[in-house]
Amino acid sequence: MLGVELSPLRRSLLELLRSPASATQLAAVLDLPRQRVNYHVRALEQAGLVELVEQRQRRGCVERVLRAKPGREIAADVQDQFAATHLVSVAEDTARDVERMSTAAADAGKRLLTFTVETTVRFGAPGDVHEFTSDLAEAVRQIALKYDTESGRPYRVVALGHPGVADE
């Protein structure tokens, strides 16, 4: 496993770096601070996912132009780690947001209206997980279209999936 967490930003950077670019150029495309982009680009470089193509003088500084290493596919274990890391991040964000809103609602003497949908699915083959995910995404999209209104109160709906823990 590579020693780099492939966050959504780092995956975007890898995608953009299919063509050579500097951190300054990437920052402009992503509308992010150059320092933040440079930090993530250096992590990708240290992990061996990107390489230096050129160095050039720019306004008294050396601009480094990099690209994703040709022919280098992201290993399945890195993709799996990205997915697991992203799932945990979404769950943490959700827990933090709900805790904050729940406290605010209680302080105001109100209830926080939430809902949870939970089930267990036993997939017969590994490919079934991908098909299920596509079907679920389409079903949620259709339901969201039915109920979504411009003037309505926004709700965040999160669907997470992970292998179940064996009964002890």
# chains A, B, ... in the order shown; residues from 1 in each chain; ligands from 1
>>> residues_around(residues="stretch 24-34 of chain A", least_positions_apart="5", cutoff="9 Å", atoms="only C-alpha atoms", output="ChimeraX atom specification")
/A:12-13,16-17,39,63
>>> write_last_selection(atoms="C-alpha atoms", output="compact mmCIF listing (two decimals), in the first residue's frame")
# COMPACT_ATOMS: atom_id res chain seq x y z
CA SER A 12 -8.71 15.18 -8.62
CA LEU A 13 -5.09 16.29 -8.69
CA LEU A 16 -5.56 16.79 -13.69
CA LEU A 17 -1.92 15.75 -13.71
CA TYR A 39 1.07 20.21 0.00
CA GLU A 63 8.06 26.62 -10.59
>>> select_by_dssp(residues="chain A", states="helix (DSSP H, G or I)", output="ChimeraX atom specification")
/A:8-16,23-30,34-46,76-107,126-147
>>> closest_residue(among="A:Val53, A:Leu87, A:Cys61, A:Ala104", to="A:Val158", atoms="only C-alpha atoms")
A:Leu87
>>> atom_distance(atom1="atom CA of A:Lys69", atom2="atom CA of A:Arg56")
19.7 Å
>>> closest_residue(among="A:Phe115, A:Glu51, A:Val157, A:Ser7", to="A:Arg141", atoms="only C-alpha atoms")
A:Val157
>>> atom_distance(atom1="atom CA of A:Ala47", atom2="atom CA of A:Pro70")
14.5 Å
>>> select_by_dssp(residues="stretch 3-65 of chain A", states="strand (DSSP E)", output="ChimeraX atom specification")
/A:21-22,50-58,61-65
>>> atom_distance(atom1="atom CA of A:Val98", atom2="atom CA of A:Ala84")
21.1 Å
>>> decode(residues="stretch 118-129 of chain A", atoms="N, CA and C atoms", output="mmCIF file, in the first residue's frame")
data_model
loop_
_atom_site.group_PDB
_atom_site.id
_atom_site.type_symbol
_atom_site.label_atom_id
_atom_site.label_comp_id
_atom_site.auth_asym_id
_atom_site.auth_seq_id
_atom_site.Cartn_x
_atom_site.Cartn_y
_atom_site.Cartn_z
ATOM 1 N N GLU A 118 -31.769 1.578 7.600
ATOM 2 C CA GLU A 118 -30.675 0.632 7.789
ATOM 3 C C GLU A 118 -31.155 -0.769 7.442
ATOM 4 N N THR A 119 -30.317 -1.520 6.762
ATOM 5 C CA THR A 119 -30.652 -2.890 6.413
ATOM 6 C C THR A 119 -29.369 -3.686 6.195
ATOM 7 N N THR A 120 -29.514 -4.974 6.050
ATOM 8 C CA THR A 120 -28.391 -5.840 5.693
ATOM 9 C C THR A 120 -28.725 -6.507 4.370
ATOM 10 N N VAL A 121 -27.751 -6.526 3.467
ATOM 11 C CA VAL A 121 -27.910 -7.185 2.168
ATOM 12 C C VAL A 121 -26.806 -8.225 2.055
ATOM 13 N N ARG A 122 -27.152 -9.415 1.634
ATOM 14 C CA ARG A 122 -26.160 -10.474 1.438
ATOM 15 C C ARG A 122 -25.938 -10.655 -0.057
ATOM 16 N N PHE A 123 -24.777 -10.200 -0.546
ATOM 17 C CA PHE A 123 -24.476 -10.258 -1.965
ATOM 18 C C PHE A 123 -23.899 -11.620 -2.329
ATOM 19 N N GLY A 124 -24.397 -12.188 -3.427
ATOM 20 C CA GLY A 124 -23.947 -13.502 -3.854
ATOM 21 C C GLY A 124 -22.603 -13.474 -4.554
ATOM 22 N N ALA A 125 -22.292 -12.347 -5.209
ATOM 23 C CA ALA A 125 -21.031 -12.238 -5.952
ATOM 24 C C ALA A 125 -20.484 -10.819 -5.778
ATOM 25 N N PRO A 126 -19.168 -10.655 -5.846
ATOM 26 C CA PRO A 126 -18.580 -9.326 -5.664
ATOM 27 C C PRO A 126 -19.140 -8.272 -6.619
ATOM 28 N N GLY A 127 -19.404 -8.643 -7.851
ATOM 29 C CA GLY A 127 -19.955 -7.699 -8.825
ATOM 30 C C GLY A 127 -21.337 -7.195 -8.451
ATOM 31 N N ASP A 128 -22.061 -7.969 -7.646
ATOM 32 C CA ASP A 128 -23.404 -7.558 -7.228
ATOM 33 C C ASP A 128 -23.371 -6.268 -6.412
ATOM 34 N N VAL A 129 -22.286 -6.039 -5.678
ATOM 35 C CA VAL A 129 -22.165 -4.826 -4.864
ATOM 36 C C VAL A 129 -22.202 -3.602 -5.767
#
